[in-house]
Amino acid sequence: MYNIKRATPHDYPRIMEIWESAVLATHDFLKKQDFELFKQLIPSEFLPHLQVFVLEQNRQIDAFFSVSDDNLEMLFVHDKVRGKGLGKQAVTYVVYILIILKVDVNEQNPQAIGFYEKVGYKKVGRSQLDGMGKPYPLVHFEFLKV
């Protein structure tokens, strides 16, 4: 079991290592220039405006998630520890501790869609563009098992 704690800017370099590892493993649809753009924007523009949490064990951070007032904005697990329950532990915390029930998922990421459905989310909508207006359709999910 990992400890979940609030992240600090000191954690951002490791968070970005996790993000890069996870995105390279699961986001083959992402254009290279968009990958580079997000890599720049996440630590400077996104994380400072969100509540960010890390999953840590033996002083090693292997996953992170961030939330806004009512949405799970990001959840990434380092590729080397995917499938070991970190995502499920993070979702449990988000849903039952933070009481945040919504998440948007890239439609082109079937692994993520399957994960969210498996842990109890239901599709409630779809958008043709992502939050930055880029052509990455989103599936809107809501946790309905509370």
# chains A, B, ... in the order shown; residues from 1 in each chain; ligands from 1
$ select_by_dssp --residues "range 6-146 of chain A" --states "alpha helix (DSSP H)" --output "count of residues only"
45
$ residues_around --residues "range 95-105 of chain A" --least-positions-apart "2" --cutoff "7 Å" --atoms "only C-alpha atoms" --output "list of chain:residue names"
A:Asp70, A:Asn71, A:Leu72, A:Glu73, A:Val91, A:Thr92, A:Tyr93, A:Glu107, A:Ala112, A:Ile113, A:Leu138, A:Val139, A:His140, A:Phe141, A:Glu142, A:Phe143
$ closest_residue --among "A:Arg126, A:Lys39, A:Lys84, A:Lys134" --to "Ile15 in chain A" --atoms "only C-alpha atoms"
A:Lys39
$ select_by_dssp --residues "chain A" --states "strand (DSSP E)" --output "ChimeraX atom specification"
/A:3-6,51-57,60-67,71-77,102-106,121-127,138-143
$ closest_residue --among "A:Thr8, A:Thr26, A:Asn109, A:Ser127" --to "Pro43 in chain A" --atoms "only C-alpha atoms"
A:Thr8
